[in-house]
Each structure stands twice: as C-alpha cells, then as structure tokens.
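Enquirer: Provided herewith: model-v3.cif, mmCIF, C-alpha atoms and all ligand atoms.
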```cif
data_my_file
loop_
_atom_site.label_atom_id
_atom_site.label_comp_id
_atom_site.auth_asym_id
_atom_site.auth_seq_id
_atom_site.Cartn_x
_atom_site.Cartn_y
_atom_site.Cartn_z
CA MET A 1067 0.00 0.00 0.00
CA GLU A 1068 1.24 3.47 -0.90
CA PRO A 1069 1.32 5.90 2.04
CA PRO A 1070 -2.07 7.64 2.13
CA ARG A 1071 -2.19 11.45 2.18
CA LEU A 1072 -3.66 13.05 5.31
CA ILE A 1073 -5.30 15.65 3.11
CA ASP A 1074 -7.39 13.02 1.27
CA PHE A 1075 -9.27 11.88 4.40
CA PRO A 1076 -12.11 13.96 5.85
CA ARG A 1077 -11.47 12.85 9.44
CA VAL A 1078 -8.04 11.98 10.73
CA VAL A 1079 -6.87 10.89 14.18
CA ILE A 1080 -3.22 11.04 15.17
CA PHE A 1081 -2.67 8.65 18.09
CA SER A 1082 0.72 9.22 19.67
CA GLY A 1083 2.90 7.60 22.30
CA ALA A 1084 6.32 8.17 23.78
CA GLY A 1085 8.13 7.41 20.49
CA MET A 1086 6.64 10.63 19.09
CA SER A 1087 8.83 12.61 21.49
CA ALA A 1088 11.89 10.32 21.44
CA GLU A 1089 13.64 12.45 18.84
CA SER A 1090 13.04 15.50 21.05
CA GLY A 1091 15.13 13.80 23.74
CA VAL A 1092 12.25 12.63 25.97
CA PRO A 1093 13.01 9.06 27.08
CA THR A 1094 10.44 6.40 26.18
CA TYR A 1095 9.02 4.11 28.88
CA ARG A 1096 9.98 0.70 27.53
CA GLY A 1097 12.95 -0.69 25.66
CA ALA A 1098 16.60 0.28 26.04
CA GLY A 1099 16.96 3.45 28.12
CA GLY A 1100 13.26 3.32 29.00
CA ILE A 1101 12.05 5.04 32.16
CA TRP A 1102 10.54 1.88 33.66
CA ALA A 1103 13.84 0.00 33.27
CA GLU A 1104 15.47 2.57 35.58
CA TYR A 1105 12.61 3.51 37.91
CA ASP A 1106 10.21 1.14 39.60
CA TYR A 1107 6.71 2.50 39.04
CA GLU A 1108 5.62 1.04 42.37
CA ARG A 1109 7.98 3.49 44.10
CA TYR A 1110 7.38 6.53 41.90
CA ALA A 1111 4.29 6.37 39.72
CA CYS A 1112 1.23 5.07 41.50
CA GLN A 1113 -1.16 6.38 44.11
CA ARG A 1114 0.16 3.91 46.70
CA ALA A 1115 3.68 5.34 46.33
CA PHE A 1116 2.35 8.89 46.59
CA ASP A 1117 0.40 8.09 49.75
CA ARG A 1118 3.41 6.36 51.28
CA ASP A 1119 6.23 8.73 50.25
CA PRO A 1120 5.14 11.87 48.38
CA ALA A 1121 8.67 13.33 48.62
CA ALA A 1122 10.14 10.41 46.63
CA VAL A 1123 7.38 10.66 44.03
CA TRP A 1124 8.04 14.39 43.72
CA GLU A 1125 11.79 13.85 43.35
CA PHE A 1126 11.08 11.54 40.39
CA HIS A 1127 8.54 13.92 38.84
CA ASN A 1128 10.85 16.89 39.28
CA LEU A 1129 13.61 15.00 37.45
CA ARG A 1130 11.12 14.38 34.65
CA ARG A 1131 9.96 18.00 34.62
CA VAL A 1132 13.55 19.21 34.28
CA ARG A 1133 14.33 16.69 31.53
CA VAL A 1134 11.20 17.48 29.51
CA ALA A 1135 11.50 21.25 30.05
CA GLY A 1136 14.82 21.01 28.22
CA CYS A 1137 13.20 19.37 25.18
CA ALA A 1138 11.63 21.12 22.20
CA PRO A 1139 8.98 19.79 19.80
CA ASN A 1140 10.51 17.92 16.85
CA SER A 1141 9.60 18.19 13.19
CA ALA A 1142 6.93 15.46 13.53
CA HIS A 1143 5.14 17.42 16.28
CA ARG A 1144 5.34 20.50 14.06
CA LEU A 1145 3.98 18.59 11.08
CA VAL A 1146 0.99 17.37 13.12
CA ALA A 1147 0.27 20.96 14.21
CA ARG A 1148 0.57 22.28 10.65
CA ALA A 1149 -1.66 19.50 9.32
CA GLN A 1150 -4.25 20.35 11.98
CA ARG A 1151 -4.27 24.03 10.95
CA LEU A 1152 -4.89 23.06 7.33
CA HIS A 1153 -7.23 20.18 8.12
CA PRO A 1154 -9.74 21.21 10.77
CA SER A 1155 -10.99 17.63 11.25
CA LEU A 1156 -7.69 16.29 12.48
CA SER A 1157 -7.77 15.23 16.14
CA VAL A 1158 -4.72 14.56 18.26
CA VAL A 1159 -5.10 11.82 20.88
CA THR A 1160 -1.94 11.32 22.90
CA GLN A 1161 -0.71 9.13 25.72
CA ASN A 1162 2.11 11.60 26.28
CA ILE A 1163 2.25 13.88 29.29
CA ASP A 1164 5.01 16.12 27.95
CA GLY A 1165 2.86 18.80 26.28
CA LEU A 1166 5.07 18.85 23.17
CA HIS A 1167 2.15 18.57 20.72
CA GLN A 1168 0.70 21.75 22.24
CA LEU A 1169 4.08 23.53 22.29
CA ALA A 1170 4.30 22.81 18.56
CA GLY A 1171 0.91 24.51 18.11
CA ALA A 1172 -1.57 21.62 18.13
CA THR A 1173 -4.91 22.44 19.76
CA ASP A 1174 -7.62 20.47 21.56
CA VAL A 1175 -5.12 17.71 22.27
CA LEU A 1176 -6.78 14.83 24.11
CA GLU A 1177 -4.28 13.80 26.80
CA LEU A 1178 -5.32 10.29 27.79
CA HIS A 1179 -2.78 10.11 30.61
CA GLY A 1180 -2.92 13.70 31.84
CA SER A 1181 -0.09 16.20 31.91
CA LEU A 1182 3.23 16.61 33.65
CA TRP A 1183 2.46 20.33 33.93
CA LYS A 1184 -0.94 20.09 35.61
CA LEU A 1185 -1.35 19.63 39.36
CA ARG A 1186 -4.25 19.08 41.65
CA CYS A 1187 -4.71 19.11 45.39
CA GLU A 1188 -6.80 16.20 46.51
CA ASP A 1189 -7.42 17.81 49.89
CA CYS A 1190 -8.83 21.23 48.96
CA GLY A 1191 -9.56 20.70 45.23
CA ALA A 1192 -7.20 23.45 43.98
CA THR A 1193 -5.62 23.01 40.56
CA GLN A 1194 -2.60 24.58 38.97
CA GLU A 1195 -0.79 24.51 35.63
CA THR A 1196 2.87 25.44 35.66
CA ARG A 1197 5.95 24.59 33.63
CA GLN A 1198 8.31 25.53 36.45
CA ALA A 1199 11.05 22.90 36.50
CA PRO A 1200 11.82 21.76 39.06
CA LEU A 1201 8.61 22.65 40.86
CA LEU A 1202 9.91 24.48 43.94
CA GLU A 1203 6.78 24.41 46.07
CA VAL A 1204 5.42 20.87 46.01
CA ARG A 1205 2.75 21.71 48.58
CA CYS A 1206 -0.53 23.47 47.96
CA ARG A 1207 -1.47 26.53 50.01
CA CYS A 1208 -3.64 24.25 52.18
CA GLY A 1209 -0.53 22.29 53.19
CA ALA A 1210 -1.17 19.02 51.33
CA HIS A 1211 1.16 17.86 48.57
CA TRP A 1212 0.23 18.75 45.00
CA ARG A 1213 -0.51 15.59 43.05
CA PRO A 1214 0.68 15.51 39.45
CA ALA A 1215 -2.46 15.30 37.28
CA ILE A 1216 -1.16 12.19 35.56
CA THR A 1217 -2.89 8.86 35.11
CA TRP A 1218 -0.51 6.69 37.08
CA PHE A 1219 -0.46 2.90 37.10
CA GLU A 1220 -3.63 1.50 38.69
CA ASP A 1221 -5.47 4.85 38.32
CA PRO A 1222 -8.81 4.95 36.55
CA THR A 1223 -8.75 6.57 33.11
CA ASP A 1224 -10.16 10.08 32.79
CA GLU A 1225 -13.58 9.13 31.45
CA GLU A 1226 -14.35 12.47 29.81
CA VAL A 1227 -11.11 12.52 27.84
CA PHE A 1228 -11.39 8.85 26.91
CA THR A 1229 -14.97 9.27 25.71
CA ALA A 1230 -13.99 12.27 23.55
CA ALA A 1231 -11.11 10.26 22.09
CA ALA A 1232 -13.34 7.27 21.39
CA GLU A 1233 -15.87 9.52 19.65
CA ALA A 1234 -13.22 11.07 17.39
CA ILE A 1235 -11.87 7.60 16.61
CA ARG A 1236 -15.27 6.09 15.82
CA ALA A 1237 -15.81 8.90 13.31
CA CYS A 1238 -12.38 8.89 11.68
CA ASP A 1239 -11.41 7.61 8.22
CA LEU A 1240 -7.66 7.57 8.80
CA PHE A 1241 -5.98 6.62 12.09
CA VAL A 1242 -2.25 7.09 12.41
CA SER A 1243 -0.50 5.45 15.39
CA ILE A 1244 2.87 7.03 16.06
CA GLY A 1245 5.44 5.74 18.54
CA THR A 1246 3.38 3.62 20.88
CA SER A 1247 4.17 0.11 22.07
CA ALA A 1248 0.38 -0.49 22.28
CA VAL A 1249 0.59 -2.43 25.53
CA VAL A 1250 -1.05 -0.08 28.04
CA PHE A 1251 -4.81 -0.43 28.23
CA PRO A 1252 -7.34 1.06 27.76
CA ALA A 1253 -5.38 3.30 25.34
CA ALA A 1254 -4.06 0.22 23.55
CA ALA A 1255 -7.64 -0.73 22.64
CA LEU A 1256 -8.08 2.39 20.51
CA PRO A 1257 -6.49 1.05 17.30
CA ARG A 1258 -8.99 -1.82 17.42
CA LEU A 1259 -11.84 0.67 17.83
CA ALA A 1260 -10.59 2.54 14.74
CA ALA A 1261 -10.36 -0.70 12.76
CA ARG A 1262 -13.86 -1.73 13.78
CA SER A 1263 -15.15 1.67 12.74
CA GLY A 1264 -13.80 1.15 9.23
CA ALA A 1265 -10.82 3.53 9.28
CA VAL A 1266 -7.60 2.97 7.38
CA LEU A 1267 -4.85 2.42 9.97
CA VAL A 1268 -1.19 3.36 9.54
CA GLU A 1269 1.47 2.55 12.12
CA ILE A 1270 4.65 4.61 12.40
CA ASN A 1271 7.12 2.78 14.61
CA PRO A 1272 10.59 1.34 14.02
CA GLU A 1273 9.41 -1.85 15.77
CA PRO A 1274 6.34 -4.07 15.36
CA THR A 1275 3.76 -3.93 18.18
CA PRO A 1276 0.87 -6.14 19.34
CA ALA A 1277 -1.43 -3.78 17.38
CA SER A 1278 0.54 -3.99 14.12
CA ALA A 1279 -1.79 -6.54 12.53
CA LEU A 1280 -4.68 -4.06 12.74
CA HIS A 1281 -2.78 -1.55 10.61
CA ALA A 1282 -2.86 -1.68 6.81
CA LEU A 1283 0.50 0.03 6.45
CA HIS A 1284 3.61 -0.08 8.64
CA LEU A 1285 6.14 2.68 8.27
CA ARG A 1286 9.15 1.24 10.06
CA GLY A 1287 11.26 4.21 10.98
CA PRO A 1288 11.41 7.26 13.22
CA ALA A 1289 8.44 9.63 13.35
CA THR A 1290 10.34 12.59 11.89
CA GLU A 1291 11.25 10.57 8.80
CA MET A 1292 8.02 8.59 8.33
CA LEU A 1293 5.29 11.16 9.03
CA PRO A 1294 6.33 13.40 6.10
CA LEU A 1295 5.40 10.46 3.81
CA LEU A 1296 1.74 11.22 4.66
CA ALA A 1297 2.07 14.96 4.17
CA GLY A 1298 1.80 15.05 0.37
CA GLY A 1299 -0.51 17.79 -0.90
CA LEU A 1300 -0.52 19.76 2.36
CA PRO A 1301 0.11 23.40 1.50
CA ASP A 1302 3.01 25.06 3.39
P1 LIG A 1401 6.51 3.03 25.21
O1 LIG A 1401 7.80 3.49 25.80
O2 LIG A 1401 5.89 1.82 25.78
O3 LIG A 1401 6.73 2.73 23.65
C1 LIG A 1401 7.38 3.65 22.81
C2 LIG A 1401 7.30 3.15 21.38
O4 LIG A 1401 7.89 4.14 20.55
C3 LIG A 1401 8.02 1.84 21.11
O5 LIG A 1401 7.13 0.96 20.43
C4 LIG A 1401 9.19 2.24 20.21
O6 LIG A 1401 9.50 1.24 19.24
C5 LIG A 1401 8.65 3.50 19.54
N1 LIG A 1401 9.66 4.48 19.11
C6 LIG A 1401 10.88 4.73 19.64
N2 LIG A 1401 11.48 5.73 18.99
C7 LIG A 1401 10.64 6.14 18.02
C8 LIG A 1401 10.67 7.16 17.02
N3 LIG A 1401 11.72 7.97 16.87
N4 LIG A 1401 9.60 7.30 16.20
C9 LIG A 1401 8.52 6.47 16.33
N5 LIG A 1401 8.44 5.50 17.25
C10 LIG A 1401 9.47 5.33 18.09
O7 LIG A 1401 5.53 4.29 25.19
P2 LIG A 1401 3.93 4.35 25.13
O8 LIG A 1401 3.38 3.36 24.19
O9 LIG A 1401 3.57 5.77 24.95
O10 LIG A 1401 1.80 5.94 30.88
O11 LIG A 1401 3.55 3.92 26.62
C11 LIG A 1401 2.21 3.94 27.01
C12 LIG A 1401 2.11 4.41 28.43
O12 LIG A 1401 2.93 3.61 29.27
C13 LIG A 1401 2.61 5.82 28.65
O13 LIG A 1401 1.64 6.81 28.38
C14 LIG A 1401 2.98 5.83 30.11
C15 LIG A 1401 3.61 4.45 30.24
O14 LIG A 1401 3.52 3.87 31.48
C16 LIG A 1401 1.77 6.81 31.89
O15 LIG A 1401 2.72 7.49 32.22
C17 LIG A 1401 0.48 6.88 32.59
#
```
Kindly present the structure from the file in structure tokens form.
Expert:
Amino acid sequence: MEPPRLIDFPRVVIFSGAGMSAESGVPTYRGAGGIWAEYDYERYACQRAFDRDPAAVWEFHNLRRVRVAGCAPNSAHRLVARAQRLHPSLSVVTQNIDGLHQLAGATDVLELHGSLWKLRCEDCGATQETRQAPLLEVRCRCGAHWRPAITWFEDPTDEEVFTAAAEAIRACDLFVSIGTSAVVFPAAALPRLAARSGAVLVEINPEPTPASALHALHLRGPATEMLPLLAGGLPD
C-alpha cells in the first residue's frame, strides 16, 4: 500500500505515544533506556507510592519536569500541528504527558494520561498549571502535597477525555499510530476501535507492536522521517 495522504481523508486521528517525542530527547518508557527500566513504578508512579512517600514521588517527577522542560517539539510534532491548521478535522489523541504537541501549536489535544504540567490538590480541590522545573513548592497553600495530574499505574482513566477520544476515533477515516508500544490499556484498545469503525490504519514505529496486525500500512522508521510520507498535498 502506498502511504495515504492526510489531506485526502475527511477525518483523521493522530494517536501518539512516547516514540513521538523520542527524537526530542524525551526518554520512552519501555525498551533500552526506558524510564521503567530505571525507575520502579511502584515506588514513583502510582497512588500507593504517593500516599506512602510523596517526597520520593516528587523527586522523580521533578527530574522528569527538568528533563522534559529542556526538550523542544521535533519536526513530527510541528507537522501534526501544521496538518491540523490546514485540516480542521484532524484530532490529536496522545498518551504523552510532555505537552510537546501543544508547544508545537496543536490544539484540543486529548491527553489520555494527563499532563506533567498540571497539578491538583486532593485535599482542597485546587488546581494549577505550571511549567516551572523543578517545581519548587510541592505543597498546595492548604498544606497538602500537589498531586501531578497524571494517570498513574492503577489509576482509573479520565472518562471524559477517553470518551472524547473514542468519539473522534469512531468517526475517523484515517488513524495514524505514532510511537506507541500499544501495551497499556485502555489506550491500547483504541487502534482496534478505529479498525472496527472502518478507518484505514497506519502505524509509524521502528518496531512491530501487538497492534501492528490491525494496521494496513507499517512505516518502520522514526516519526520525523516517516510522518512526512503522509504529508503530500498539504500546502506550506
Ligand atoms: P513506550 O515506551 O511503551 O513505547 C514507545 C514506542 O515508541 C516503542 O514501540 C518504540 O519502538 C517506539 N519508538 C521509539 N522511537 C521512536 C521514534 N523515533 N519514532 C517512532 N516510534 C518510536 O511508550 P507508550 O506506548 O507511549 O503511561 O507507553 C504507554 C504508556 O505507558 C505511557 O503513556 C505511560 C507508560 O507507562 C503513563 O505514564 C500513565
């Protein structure tokens, strides 16, 4: 199959994972150099860890904030944003918490796993969005620790965001998975939803994934080199 052109499909969904930001310098979660090879999620990325030792969880998240704050969107993020400006029915559904799609100019990004930059206080209900890195004041004015507004392991999915993503996917004609290992559910069920809804699926990933068989075309290479293959006909 020839690479389809984004411009030829009335409704497009870009579904991204950590590989989308790998070329920006943000480490992926799995594979060589992956975050979960170095850090045990049970100590740093689940509610139980936060309840037990919020300082350790904050040390980990501050390291991540500093690392990601030093990263800029790459040419694939910029291409997605440009395509969205020229193609109003292009939705971005991401598992990433780094905010790089938005920094590149994408709008209405559906963040399935929340954001590294958003915080909430589970005691008084306050919320905050800040890119300060590291976050200097990890406690809310009420005295409780801010909780990163991230979907950690064992957390329920944000239903509102997931429902909006599922709606966009049910309605799409072209679904492009970029840089996800497709192993974390329920996000990993979304390619199947797209396939069932009759969309054409394209996977951009140097490696095969458990969802590969659902995709009609596999572009085996990095996002910045493969995504431009779908950009034919997009005006500058
Ligand atoms: P993973 O780290 O599991 O997978 C990253 C994928 O990106 C792999 O399949 C790589 O082959 C691919 N990849 C690497 N470099 C790439 C590049 N330059 N271009 C394209 N693809 C590339 O990341 P996710 O699938 O996003 O959850 O992980 C899903 C969730 O697991 C994350 O959202 C995170 C994690 O636990 C939370 O933090 C809640």
Enquirer: Quick one: contact table of stretch 1214-1257 of chain A to stretch 1155-1174 of chain A, 10 Å max, nearest atom pair and distance in Å to one decimal per residue, counting all atoms listed in the file, chain and number order, as a Markdown table?
Expert:
```
| residue | atom | partner | partner_atom | distance |
| --- | --- | --- | --- | --- |
| A:Ala1215 | CA | A:Ile1163 | CA | 9.4 |
| A:Ile1216 | CA | A:Ile1163 | CA | 7.3 |
| A:Thr1217 | CA | A:Ile1163 | CA | 9.2 |
| A:Val1227 | CA | A:Val1159 | CA | 9.2 |
| A:Phe1228 | CA | A:Val1159 | CA | 9.2 |
| A:Ala1230 | CA | A:Val1159 | CA | 9.3 |
| A:Ala1231 | CA | A:Val1159 | CA | 6.3 |
| A:Ala1232 | CA | A:Val1159 | CA | 9.4 |
| A:Ala1234 | CA | A:Ser1157 | CA | 7.0 |
| A:Ile1235 | CA | A:Ser1157 | CA | 8.7 |
| A:Cys1238 | CA | A:Leu1156 | CA | 8.8 |
| A:Leu1240 | CA | A:Leu1156 | CA | 9.5 |
| A:Phe1241 | CA | A:Ser1157 | CA | 9.7 |
| A:Val1242 | CA | A:Val1158 | CA | 9.8 |
| A:Ser1243 | CA | A:Val1159 | CA | 9.6 |
| A:Ile1244 | CA | A:Thr1160 | CA | 9.4 |
| A:Thr1246 | CA | A:Gln1161 | CA | 8.4 |
| A:Val1250 | CA | A:Gln1161 | CA | 9.5 |
| A:Ala1253 | CA | A:Gln1161 | CA | 7.5 |
| A:Ala1254 | CA | A:Gln1161 | CA | 9.8 |
| A:Leu1256 | CA | A:Val1159 | CA | 9.9 |
```
Enquirer: For each of A:Trp1183, A:Trp1212, A:Phe1126, A:Trp1102, take the minimum atom-to-atom distance to ligand LIG 1401 (chain A), counting all atoms listed in the file, then give the residue where this is smallest.
Expert: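 Smallest distance to ligand LIG 1401 (chain A) is found for A:Trp1102.
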Enquirer: Can you work out the spacing between atom CA of A:Gly1191 and atom CA of A:Thr1229 in Å, to one decimal?
Expert: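 Atom-to-atom, atom CA of A:Gly1191 to atom CA of A:Thr1229, that is 23.3 Å.
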Enquirer: Please, which residues are within 12 Å of (-12.9, 12.1, 9.8) by the file's coordinates, counting only C-alpha atoms, and could they come as a ChimeraX atom specification?
Expert: /A:1072-1080,1153-1157,1233-1241,1260,1263-1266
Enquirer: Taking all atoms listed in the file into account, report as a PyMOL selection string which residues have an atom no farther than 8 Å from an atom of ligand LIG 1401 (chain A).
Expert: chain A and resi 1082-1089+1093-1097+1100-1102+1111+1160-1163+1178-1180+1216-1219+1244-1250+1253+1270-1275+1287-1290
Enquirer: Which residues, protein or nucleic acid, reach to within 12 Å of (1.3, 25.2, 5.2) in the file's coordinates when using all atoms listed in the file, and can you give that as a list in words?
Expert: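 Here the neighbourhood of the point contains Ile1073, Arg1144, Leu1145, Val1146, Ala1147, Arg1148, Ala1149, Gln1150, Arg1151, Leu1152, His1153, Ala1297, Gly1298, Gly1299, Leu1300, Pro1301 and Asp1302 of chain A.
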Enquirer: Only N, CA and C atoms needed: put stretch 1218-1231 of chain A from the block into a file as a PDB file, in the first residue's frame.
Expert:
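out.pdb was written with the following content:
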```pdb
ATOM      1  N   TRP A1218      -1.562   7.623  36.678  1.00  0.00           N
ATOM      2  CA  TRP A1218      -0.510   6.686  37.084  1.00  0.00           C
ATOM      3  C   TRP A1218      -0.997   5.246  36.917  1.00  0.00           C
ATOM      4  N   PHE A1219      -0.084   4.320  37.093  1.00  0.00           N
ATOM      5  CA  PHE A1219      -0.457   2.900  37.099  1.00  0.00           C
ATOM      6  C   PHE A1219      -1.555   2.689  38.143  1.00  0.00           C
ATOM      7  N   GLU A1220      -2.511   1.881  37.795  1.00  0.00           N
ATOM      8  CA  GLU A1220      -3.634   1.501  38.687  1.00  0.00           C
ATOM      9  C   GLU A1220      -4.683   2.604  38.837  1.00  0.00           C
ATOM     10  N   ASP A1221      -4.459   3.788  38.264  1.00  0.00           N
ATOM     11  CA  ASP A1221      -5.469   4.854  38.317  1.00  0.00           C
ATOM     12  C   ASP A1221      -6.571   4.573  37.297  1.00  0.00           C
ATOM     13  N   PRO A1222      -7.797   5.033  37.593  1.00  0.00           N
ATOM     14  CA  PRO A1222      -8.813   4.951  36.546  1.00  0.00           C
ATOM     15  C   PRO A1222      -8.491   5.950  35.431  1.00  0.00           C
ATOM     16  N   THR A1223      -8.952   5.638  34.237  1.00  0.00           N
ATOM     17  CA  THR A1223      -8.745   6.565  33.111  1.00  0.00           C
ATOM     18  C   THR A1223      -9.688   7.746  33.273  1.00  0.00           C
ATOM     19  N   ASP A1224      -9.280   8.916  32.790  1.00  0.00           N
ATOM     20  CA  ASP A1224     -10.158  10.078  32.787  1.00  0.00           C
ATOM     21  C   ASP A1224     -11.281   9.811  31.772  1.00  0.00           C
ATOM     22  N   GLU A1225     -12.474   9.583  32.308  1.00  0.00           N
ATOM     23  CA  GLU A1225     -13.582   9.135  31.450  1.00  0.00           C
ATOM     24  C   GLU A1225     -13.956  10.145  30.377  1.00  0.00           C
ATOM     25  N   GLU A1226     -13.938  11.429  30.766  1.00  0.00           N
ATOM     26  CA  GLU A1226     -14.353  12.468  29.812  1.00  0.00           C
ATOM     27  C   GLU A1226     -13.396  12.512  28.612  1.00  0.00           C
ATOM     28  N   VAL A1227     -12.102  12.460  28.919  1.00  0.00           N
ATOM     29  CA  VAL A1227     -11.106  12.523  27.840  1.00  0.00           C
ATOM     30  C   VAL A1227     -11.194  11.252  26.996  1.00  0.00           C
ATOM     31  N   PHE A1228     -11.343  10.117  27.648  1.00  0.00           N
ATOM     32  CA  PHE A1228     -11.385   8.850  26.913  1.00  0.00           C
ATOM     33  C   PHE A1228     -12.620   8.798  26.008  1.00  0.00           C
ATOM     34  N   THR A1229     -13.748   9.285  26.519  1.00  0.00           N
ATOM     35  CA  THR A1229     -14.973   9.274  25.712  1.00  0.00           C
ATOM     36  C   THR A1229     -14.808  10.185  24.494  1.00  0.00           C
ATOM     37  N   ALA A1230     -14.202  11.354  24.693  1.00  0.00           N
ATOM     38  CA  ALA A1230     -13.989  12.268  23.555  1.00  0.00           C
ATOM     39  C   ALA A1230     -13.065  11.622  22.523  1.00  0.00           C
ATOM     40  N   ALA A1231     -12.032  10.925  23.013  1.00  0.00           N
ATOM     41  CA  ALA A1231     -11.106  10.259  22.091  1.00  0.00           C
ATOM     42  C   ALA A1231     -11.836   9.159  21.324  1.00  0.00           C
TER      43      ALA A1231
END
```
